[in-house]
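So this block is work.cif, mmCIF, C-alpha atoms:
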```cif
data_structure
#
loop_
_atom_site.label_atom_id
_atom_site.label_comp_id
_atom_site.auth_asym_id
_atom_site.auth_seq_id
_atom_site.Cartn_x
_atom_site.Cartn_y
_atom_site.Cartn_z
CA MET Q 173 18.41 -56.12 37.03
CA LYS Q 174 19.09 -52.81 35.34
CA VAL Q 175 19.52 -49.82 37.67
CA ARG Q 176 20.22 -46.24 36.75
CA ALA Q 177 21.96 -43.63 38.91
CA VAL Q 178 21.25 -40.04 37.89
CA ILE Q 179 23.83 -37.66 39.31
CA LYS Q 180 23.28 -33.92 39.34
CA LEU Q 181 24.99 -30.94 40.86
CA LYS Q 182 23.16 -29.81 43.98
CA ALA Q 183 20.90 -26.80 43.67
CA GLY Q 184 22.88 -23.64 44.30
CA VAL Q 185 26.19 -25.15 43.13
CA LEU Q 186 27.48 -23.14 40.19
CA ASP Q 187 27.62 -25.27 37.03
CA PRO Q 188 30.26 -23.84 34.65
CA GLN Q 189 29.63 -26.61 32.09
CA GLY Q 190 25.87 -26.00 32.10
CA GLU Q 191 26.58 -22.31 31.60
CA ALA Q 192 28.84 -23.07 28.60
CA ILE Q 193 26.11 -25.25 27.08
CA ARG Q 194 23.60 -22.44 27.55
CA HIS Q 195 25.93 -20.00 25.75
CA ALA Q 196 26.51 -22.43 22.88
CA LEU Q 197 22.77 -23.02 22.46
CA GLY Q 198 22.28 -19.26 22.38
CA THR Q 199 24.90 -19.02 19.61
CA LEU Q 200 22.88 -21.58 17.62
CA GLY Q 201 19.82 -19.37 17.90
CA PHE Q 202 17.96 -21.14 20.71
CA ASP Q 203 16.59 -18.19 22.62
CA GLY Q 204 14.99 -17.94 25.99
CA ILE Q 205 17.05 -20.56 27.83
CA GLU Q 206 17.06 -19.39 31.41
CA ASP Q 207 19.28 -22.07 32.90
CA VAL Q 208 21.09 -25.29 31.94
CA ARG Q 209 22.26 -27.87 34.47
CA GLN Q 210 24.19 -30.93 33.33
CA GLY Q 211 25.00 -34.16 35.12
CA LYS Q 212 25.64 -37.80 34.40
CA ILE Q 213 23.76 -41.04 34.10
CA ILE Q 214 25.38 -44.30 35.15
CA GLU Q 215 23.59 -47.49 34.11
CA LEU Q 216 24.40 -50.66 35.99
CA VAL Q 217 23.36 -54.24 35.36
CA LEU Q 218 23.30 -56.16 38.62
CA ALA Q 219 23.03 -59.89 39.26
CA GLU Q 220 20.62 -59.07 42.12
CA PRO Q 221 17.08 -60.02 41.03
CA ASP Q 222 15.27 -58.16 43.85
CA ALA Q 223 14.42 -54.58 42.89
CA GLN Q 224 14.48 -53.17 46.41
CA ARG Q 225 17.82 -54.72 47.26
CA ALA Q 226 19.30 -53.61 43.92
CA GLU Q 227 18.13 -50.07 44.54
CA ALA Q 228 19.62 -50.07 48.04
CA GLU Q 229 22.91 -51.41 46.72
CA VAL Q 230 23.20 -48.69 44.08
CA GLN Q 231 22.40 -46.10 46.72
CA GLN Q 232 25.41 -47.36 48.69
CA MET Q 233 27.52 -47.18 45.51
CA CYS Q 234 26.47 -43.57 45.02
CA GLU Q 235 27.50 -42.70 48.57
CA ALA Q 236 30.80 -44.59 48.29
CA LEU Q 237 31.97 -43.56 44.82
CA LEU Q 238 29.51 -42.62 42.09
CA ALA Q 239 28.53 -39.22 43.51
CA ASN Q 240 30.57 -36.66 45.41
CA THR Q 241 27.91 -35.76 47.94
CA VAL Q 242 29.73 -32.53 48.81
CA ILE Q 243 28.53 -31.03 45.53
CA GLU Q 244 26.32 -33.66 43.88
CA SER Q 245 22.94 -35.21 44.57
CA TYR Q 246 21.78 -38.50 43.10
CA GLU Q 247 18.63 -40.42 42.33
CA VAL Q 248 18.42 -44.15 41.82
CA GLU Q 249 15.93 -45.30 39.19
CA LEU Q 250 14.71 -48.71 38.14
CA PRO Q 251 13.90 -48.23 34.45
CA MET X 72 64.03 -38.04 56.73
CA LYS X 73 61.85 -39.94 54.35
CA ALA X 74 59.17 -38.91 51.88
CA ALA X 75 56.87 -41.25 49.95
CA VAL X 76 55.42 -40.18 46.62
CA LEU X 77 52.28 -42.05 45.54
CA VAL X 78 52.10 -43.04 41.88
CA PHE X 79 48.80 -43.65 40.09
CA PRO X 80 48.23 -44.51 36.44
CA GLY X 81 48.18 -41.03 34.88
CA SER X 82 50.28 -39.27 37.53
CA ASN X 83 52.68 -36.96 35.71
CA CYS X 84 54.21 -34.76 38.41
CA ASP X 85 55.43 -37.64 40.59
CA ARG X 86 59.08 -37.36 39.56
CA ASP X 87 59.08 -33.56 39.84
CA LEU X 88 57.70 -33.93 43.36
CA ALA X 89 60.32 -36.57 44.22
CA THR X 90 63.10 -34.23 42.99
CA ALA X 91 61.74 -31.34 45.05
CA PHE X 92 61.67 -33.54 48.17
CA GLN X 93 65.20 -34.81 47.43
CA ASN X 94 66.57 -31.29 46.98
CA ALA X 95 65.11 -30.43 50.39
CA GLY X 96 67.02 -33.32 51.96
CA PHE X 97 64.46 -36.15 51.93
CA LYS X 98 65.16 -39.72 50.95
CA VAL X 99 62.30 -40.49 48.57
CA GLU X 100 60.47 -43.71 47.84
CA MET X 101 57.92 -44.02 45.06
CA VAL X 102 54.87 -46.04 46.10
CA TRP X 103 52.56 -47.73 43.58
CA HIS X 104 48.81 -47.26 44.05
CA LYS X 105 48.23 -51.01 44.44
CA ASP X 106 50.57 -51.24 47.43
CA VAL X 107 48.81 -51.46 50.76
CA GLU X 108 51.60 -50.18 53.00
CA LEU X 109 53.87 -47.17 53.07
CA PRO X 110 57.60 -47.75 53.57
CA ALA X 111 58.64 -47.73 57.26
CA GLY X 112 59.62 -44.39 58.75
CA VAL X 113 57.87 -42.10 56.26
CA ASP X 114 57.60 -38.51 57.53
CA ILE X 115 55.56 -37.10 54.68
CA VAL X 116 53.45 -38.52 51.87
CA GLY X 117 53.22 -36.61 48.59
CA VAL X 118 50.18 -37.08 46.36
CA PRO X 119 51.30 -35.78 42.98
CA GLY X 120 49.65 -33.93 40.15
CA GLY X 121 48.54 -35.44 36.89
CA PHE X 122 45.42 -37.11 35.58
CA SER X 123 45.07 -40.20 37.77
CA PHE X 124 42.84 -42.75 36.06
CA GLY X 125 42.24 -40.29 33.24
CA ASP X 126 40.09 -38.07 35.49
CA TYR X 127 37.35 -40.67 34.91
CA LEU X 128 34.13 -40.16 36.90
CA ARG X 129 35.55 -37.09 38.71
CA SER X 130 39.11 -35.79 39.08
CA GLY X 131 40.80 -37.84 41.80
CA ALA X 132 37.74 -39.98 42.54
CA ILE X 133 39.12 -43.36 41.48
CA ALA X 134 42.59 -42.73 42.93
CA ALA X 135 41.00 -41.85 46.28
CA ARG X 136 39.58 -45.40 46.44
CA SER X 137 42.82 -47.21 45.50
CA PRO X 138 44.52 -49.65 47.91
CA ILE X 139 47.38 -47.34 49.00
CA VAL X 140 44.92 -44.74 50.28
CA GLY X 141 44.13 -46.92 53.31
CA ALA X 142 47.78 -46.63 54.34
CA LEU X 143 47.69 -42.87 53.68
CA MET X 144 44.65 -42.51 55.96
CA THR X 145 46.44 -44.46 58.73
CA HIS X 146 49.58 -42.32 58.31
CA VAL X 147 47.52 -39.12 58.63
CA ARG X 148 45.47 -40.45 61.54
CA LYS X 149 48.72 -41.10 63.40
CA GLY X 150 49.68 -37.44 62.91
CA GLY X 151 51.83 -37.92 59.81
CA HIS X 152 52.24 -35.16 57.23
CA ALA X 153 50.84 -35.24 53.70
CA ILE X 154 50.78 -32.85 50.77
CA GLY X 155 48.50 -33.15 47.75
CA ILE X 156 49.28 -30.98 44.76
CA CYS X 157 46.81 -30.33 41.91
CA ASN X 158 45.36 -33.79 41.14
CA GLY X 159 46.77 -34.77 44.54
CA PHE X 160 44.61 -32.06 46.15
CA GLN X 161 41.61 -33.44 44.26
CA VAL X 162 42.47 -36.91 45.62
CA LEU X 163 42.75 -35.64 49.22
CA LEU X 164 39.33 -33.96 48.95
CA GLU X 165 37.81 -37.15 47.55
CA THR X 166 39.20 -39.13 50.50
CA GLY X 167 37.63 -36.66 52.92
CA LEU X 168 41.01 -35.86 54.53
CA LEU X 169 40.34 -32.26 53.48
CA PRO X 170 36.91 -30.61 53.22
CA GLY X 171 35.16 -29.22 50.14
CA ALA X 172 35.36 -30.06 46.44
CA LEU X 173 37.10 -28.92 43.27
CA MET X 174 34.88 -28.24 40.32
CA ARG X 175 35.39 -27.27 36.68
CA ASN X 176 37.06 -23.84 36.39
CA ALA X 177 34.49 -21.06 36.15
CA GLY X 178 35.83 -20.18 32.67
CA ILE X 179 35.77 -23.87 31.56
CA ARG X 180 39.27 -23.60 30.13
CA PHE X 181 42.41 -25.40 31.26
CA ILE X 182 44.65 -22.77 32.87
CA CYS X 183 48.42 -23.24 32.58
CA LYS X 184 50.55 -20.31 33.75
CA PRO X 185 52.52 -18.98 36.72
CA VAL X 186 50.24 -17.19 39.18
CA GLU X 187 50.76 -14.92 42.15
CA LEU X 188 49.66 -16.39 45.47
CA GLU X 189 49.24 -14.83 48.85
CA VAL X 190 50.74 -16.97 51.60
CA ALA X 191 47.67 -16.69 53.82
CA THR X 192 49.13 -18.36 56.90
CA THR X 193 52.70 -19.04 57.98
CA SER X 194 51.46 -21.16 60.86
CA SER X 195 52.08 -24.62 59.40
CA ASN X 196 55.01 -26.94 58.76
CA PHE X 197 54.57 -26.20 55.05
CA THR X 198 54.46 -22.41 55.09
CA ARG X 199 56.62 -21.55 58.11
CA GLY X 200 59.50 -20.40 55.90
CA TYR X 201 57.55 -17.58 54.24
CA ALA X 202 57.24 -14.10 55.69
CA GLN X 203 53.63 -13.25 56.62
CA GLY X 204 51.76 -11.83 53.63
CA THR X 205 54.46 -12.86 51.13
CA THR X 206 53.55 -13.22 47.48
CA ALA X 207 54.76 -16.55 46.08
CA ILE X 208 54.71 -17.44 42.40
CA PHE X 209 53.85 -21.06 41.51
CA PRO X 210 52.58 -22.34 38.16
CA VAL X 211 49.02 -23.66 37.91
CA ALA X 212 47.97 -26.30 35.38
CA HIS X 213 44.39 -27.40 35.88
CA ARG X 214 40.87 -27.52 34.53
CA ASP X 215 39.17 -28.56 37.78
CA GLY X 216 40.57 -26.06 40.25
CA ASN X 217 37.44 -24.20 41.25
CA TYR X 218 37.35 -24.76 45.02
CA GLN X 219 33.84 -24.87 46.49
CA ALA X 220 32.69 -25.52 50.05
CA THR X 221 29.64 -24.93 52.19
CA GLU X 222 29.31 -21.73 54.18
CA GLU X 223 30.00 -23.77 57.32
CA ILE X 224 33.30 -25.13 55.98
CA ARG X 225 34.36 -21.70 54.69
CA THR X 226 33.71 -20.16 58.07
CA ALA X 227 35.70 -22.91 59.82
CA LEU X 228 38.63 -22.64 57.39
CA SER X 229 38.78 -18.93 57.92
CA ALA X 230 38.26 -18.96 61.72
CA GLU X 231 40.84 -21.72 62.20
CA ASP X 232 43.41 -20.01 59.94
CA ARG X 233 43.45 -23.03 57.62
CA ILE X 234 43.61 -21.21 54.28
CA ALA X 235 47.26 -21.69 53.32
CA PHE X 236 47.31 -20.00 49.91
CA ARG X 237 45.01 -17.59 48.09
CA TYR X 238 45.15 -16.50 44.45
CA LYS X 239 46.00 -12.80 44.36
CA SER X 240 43.35 -12.42 41.67
CA ASP X 241 40.48 -14.78 40.82
CA ILE X 242 41.54 -17.22 38.10
CA ASN X 243 39.11 -20.12 38.36
CA GLY X 244 36.09 -19.11 40.42
CA SER X 245 37.29 -20.58 43.75
CA VAL X 246 35.39 -19.29 46.78
CA ASP X 247 37.39 -16.74 48.76
CA ARG X 248 40.12 -17.16 46.06
CA ILE X 249 41.23 -20.31 47.91
CA ALA X 250 44.24 -22.04 46.30
CA GLY X 251 45.25 -24.30 49.18
CA ILE X 252 43.97 -25.44 52.57
CA LEU X 253 45.19 -27.22 55.69
CA SER X 254 43.61 -30.03 57.68
CA GLU X 255 42.42 -29.44 61.24
CA ASN X 256 45.73 -30.64 62.69
CA ARG X 257 47.57 -28.50 60.07
CA ARG X 258 49.61 -31.50 58.90
CA VAL X 259 47.83 -32.11 55.63
CA LEU X 260 48.08 -29.49 52.88
CA GLY X 261 46.19 -29.58 49.60
CA LEU X 262 46.81 -26.96 46.92
CA MET X 263 46.16 -26.52 43.21
CA PRO X 264 49.32 -24.56 42.25
CA HIS X 265 52.56 -26.51 41.79
CA PRO X 266 55.36 -25.63 44.27
CA GLU X 267 57.42 -28.55 42.87
CA ARG X 268 57.51 -26.76 39.49
CA ALA X 269 58.91 -23.68 41.20
CA ALA X 270 61.62 -25.25 43.32
CA ASP X 271 64.76 -25.05 41.22
CA PRO X 272 66.59 -22.04 39.70
CA VAL X 273 66.80 -24.01 36.43
CA LEU X 274 63.00 -23.77 36.21
CA GLY X 275 63.10 -20.01 36.62
CA LEU X 276 60.98 -20.03 39.77
CA THR X 277 62.21 -20.87 43.27
CA ASP X 278 59.43 -19.84 45.69
CA GLY X 279 58.33 -23.48 46.00
CA ALA X 280 61.67 -24.59 47.47
CA VAL X 281 60.77 -22.67 50.65
CA LEU X 282 57.79 -25.00 51.17
CA PHE X 283 59.81 -28.20 50.76
CA ASN X 284 62.62 -26.88 52.97
CA ALA X 285 60.04 -26.08 55.67
CA CYS X 286 58.77 -29.69 55.41
CA SER X 287 62.28 -31.09 55.87
CA ALA X 288 62.99 -28.71 58.78
CA ALA X 289 59.81 -29.96 60.47
CA ALA X 290 60.75 -33.60 59.83
CA ALA X 291 64.25 -32.99 61.21
CA ASN X 292 62.82 -31.54 64.42
CA ALA X 293 60.16 -34.23 64.84
#
```
Starting from the file, lay out its structure as C-alpha cells.
Amino acid sequence: MKVRAVIKLKAGVLDPQGEAIRHALGTLGFDGIEDVRQGKIIELVLAEPDAQRAEAEVQQMCEALLANTVIESYEVELP
Amino acid sequence: MKAAVLVFPGSNCDRDLATAFQNAGFKVEMVWHKDVELPAGVDIVGVPGGFSFGDYLRSGAIAARSPIVGALMTHVRKGGHAIGICNGFQVLLETGLLPGALMRNAGIRFICKPVELEVATTSSNFTRGYAQGTTAIFPVAHRDGNYQATEEIRTALSAEDRIAFRYKSDINGSVDRIAGILSENRRVLGLMPHPERAADPVLGLTDGAVLFNACSAAAANA
C-alpha cells in the first residue's frame, strides 16, 4: 500500500525558502507571483493492505516524527 | 561534579563542549546516541552543536528520537540540568523539552560570526554569573536559527522571565530577537550561539566561560 504524506508550513508561518524561490522566479522573468510556499512529500510503501489502517498509521508517523506540528501541518493521501 | 556530552553521528562541537565543561571543573563523559542510560551521578547533560544525522528531515529531528533521549528526558524530569547548543537547541525543541521551533534563517544564508547578545535574565544556574543587562559575545554558526513560537508561548516566555539571551540586533528573523530560552523549571537551557567557542582566552573570546562556571557552581552547591 502506497501512502503519501504532504507536509507544509502552517498558514501564517513565515517561509524564507518559499520567499527565496519567489525571488529567483522573478529573476527568471516570471512575473506576478504573489506568494510561494514550499514543503515536502514523503512517500511510504507499507505492508498494510487496508487503506484506512494504512492512512491512520501514517497519521501517527506524522505526529511522531514526519512533521513538526509546532510549525507544520500535514495531509495523508492514498494515491 | 559530572557532565555528560551526547554524541550523535554528525555532532561536531561535542569535544569543544567537553573541554568547556572540563575547564569549569566538571568530569566529563561522552555518551553515544545508541546508549540508553546516562552515567551515574550526572549533574548536567550537554547536547552539542553540529549536524546530527545530516540535518535530514529537519534539524535535530532524528537525534531527538534516538535511544539516549529517553534517558535525557528522565534526567530532566528528575530536575537534572541540561544545555543544548545550536543543533543541541534544535534537538531539545524537537523533544518538546523546550517550546517553539527553529526555522531556516530569514535571510536563507548560513551565518557564521561572533554576535553581541543581551543576557536577558541572570535568574538561572546558567546565567547567574553575568551582571544584569550584560552584553556577551558568542559566535553563531547556523542556517536554522530563526526561532518561532506561538503568541501564547512568547507571552509565557516573557512573563516567566525565560528568555535567557537575545540578539542585540536581528540576525536571523527570530521572534523577539530570541537567541536562547529556559525551561519552566529553569534547569534546561537551549541557545543558538556557542558559549563553548567563547570559553578560552586562546579562542579570543571568554564570555562563555562565565556560563560554564555558573553551571559548575550550581552543581557544587546542589
message = Once the PyMOL selection byres ((chain X) within 9 of (chain Q)) is applied to the coordinates I shared, what remains selected? I want it as a ChimeraX atom specification.
response = /X:128-129,132-133,136,165,170-172,174-179,219-221
request  = Measure the distance from atom CA of X:Val281 to atom CA of X:Ala89 in Å and round it to one decimal.
outcome  =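 Computing the Euclidean distance for atom CA of X:Val281 and atom CA of X:Ala89 yields 15.3 Å.
Between X:Trp103 and the residues X:Ile115, X:Ile242, X:Val78, X:Leu88, the shortest atom-to-atom distance, using all atoms listed in the file, involves X:Val78.
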ask   = Which residues, written as a list in words, have at least one atom at most 8 Å from X:Phe283, with all atoms listed in the file counted and residues fewer than 5 positions away on the same chain left out?
value = Ala91, Phe92, Ala95 and Phe197 of chain X
Would you save the residues of that selection, restricted to C-alpha atoms, as a short mmCIF file (atom, residue, chain, number, x, y, z; two decimals), keeping the file's coordinate frame?
```
data_model
loop_
_atom_site.label_atom_id
_atom_site.label_comp_id
_atom_site.auth_asym_id
_atom_site.auth_seq_id
_atom_site.Cartn_x
_atom_site.Cartn_y
_atom_site.Cartn_z
CA ALA X 91 61.74 -31.34 45.05
CA PHE X 92 61.67 -33.54 48.17
CA ALA X 95 65.11 -30.43 50.39
CA PHE X 197 54.57 -26.20 55.05
#
```
message = As an exercise, work out the distance from atom CA of X:Ala280 to atom CA of X:Val102 in Å and give it to one decimal place.
response =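 Distance reported for this atom pair: 22.5 Å.
In this structure, atom CA of X:Ala153 sits 12.0 Å away from atom CA of X:Ile252.
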key: Residues selected by the PyMOL selection byres ((chain X and resi 217) around 6), written as an MDAnalysis selection string   = chainID X and resid 173:176 215:216 218 243:245
Mind checking which residues fall within 7 Å of Q:Val217, counting all atoms listed in the file, ignoring those fewer than 6 positions away in the same chain, and posting them as a compact mmCIF listing (two decimals) with C-alpha atoms, keeping the file's coordinate frame?
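Okay, around22.txt is ready:
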```
# COMPACT_ATOMS: atom_id res chain seq x y z
CA MET Q 173 18.41 -56.12 37.03
CA LYS Q 174 19.09 -52.81 35.34
CA VAL Q 175 19.52 -49.82 37.67
```
Build an axis-aligned box that encloses every atom of stretch 98-102 of chain X listed in the file, pad it by 4 Å on each side, and report its centre and edge lengths in Å to one decimal, as lines of an AutoDock Vina configuration file.
```
center_x = 60.0
center_y = -42.9
center_z = 48.0
size_x = 18.3
size_y = 14.3
size_z = 13.9
```
request  = Between Q:Leu197, Q:Arg209, Q:Pro251, Q:Glu215, single out the one closest to Q:Gly184, counting only C-alpha atoms.
outcome  =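 Nearest to Q:Gly184: Q:Arg209.
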task = Name every residue that the PyMOL selection byres ((chain Q and resi 177) around 10) selects in this structure, writing the answer as an MDAnalysis selection string with chains first and numbers rising.
result = chainID Q and resid 175:176 178:180 212:216 227 230:231 233:234 238:239 246:250
Hey, can you spit out that residue selection with C-alpha atoms as a CSV table (one decimal), keeping the file's coordinate frame?
```
chain,number,residue,atom,x,y,z
Q,175,VAL,CA,19.5,-49.8,37.7
Q,176,ARG,CA,20.2,-46.2,36.8
Q,178,VAL,CA,21.2,-40.0,37.9
Q,179,ILE,CA,23.8,-37.7,39.3
Q,180,LYS,CA,23.3,-33.9,39.3
Q,212,LYS,CA,25.6,-37.8,34.4
Q,213,ILE,CA,23.8,-41.0,34.1
Q,214,ILE,CA,25.4,-44.3,35.2
Q,215,GLU,CA,23.6,-47.5,34.1
Q,216,LEU,CA,24.4,-50.7,36.0
Q,227,GLU,CA,18.1,-50.1,44.5
Q,230,VAL,CA,23.2,-48.7,44.1
Q,231,GLN,CA,22.4,-46.1,46.7
Q,233,MET,CA,27.5,-47.2,45.5
Q,234,CYS,CA,26.5,-43.6,45.0
Q,238,LEU,CA,29.5,-42.6,42.1
Q,239,ALA,CA,28.5,-39.2,43.5
Q,246,TYR,CA,21.8,-38.5,43.1
Q,247,GLU,CA,18.6,-40.4,42.3
Q,248,VAL,CA,18.4,-44.2,41.8
Q,249,GLU,CA,15.9,-45.3,39.2
Q,250,LEU,CA,14.7,-48.7,38.1
```
task = Compare X:Lys105, X:Lys73, X:Arg214, X:Lys184 by their minimum atom-to-atom distance to X:Asp126, counting only C-alpha atoms, and give me the closest one.
result =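 Using only C-alpha atoms, X:Asp126 sits closest to X:Arg214.
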inquiry  = Taking 4 positions as the minimum chain separation for residues in the same chain, which residues sit within 9 Å of stretch 191-195 of chain X when counting all atoms listed in the file? Answer as a ChimeraX atom specification.
reply    = /X:199-205,232-237,253,257-258,285
Keeping only C-alpha atoms, take the residues you just selected and write them out as a compact mmCIF listing (two decimals), in the coordinates of the input.
```txt
# COMPACT_ATOMS: atom_id res chain seq x y z
CA ARG X 199 56.62 -21.55 58.11
CA GLY X 200 59.50 -20.40 55.90
CA TYR X 201 57.55 -17.58 54.24
CA ALA X 202 57.24 -14.10 55.69
CA GLN X 203 53.63 -13.25 56.62
CA GLY X 204 51.76 -11.83 53.63
CA THR X 205 54.46 -12.86 51.13
CA ASP X 232 43.41 -20.01 59.94
CA ARG X 233 43.45 -23.03 57.62
CA ILE X 234 43.61 -21.21 54.28
CA ALA X 235 47.26 -21.69 53.32
CA PHE X 236 47.31 -20.00 49.91
CA ARG X 237 45.01 -17.59 48.09
CA LEU X 253 45.19 -27.22 55.69
CA ARG X 257 47.57 -28.50 60.07
CA ARG X 258 49.61 -31.50 58.90
CA ALA X 285 60.04 -26.08 55.67
```
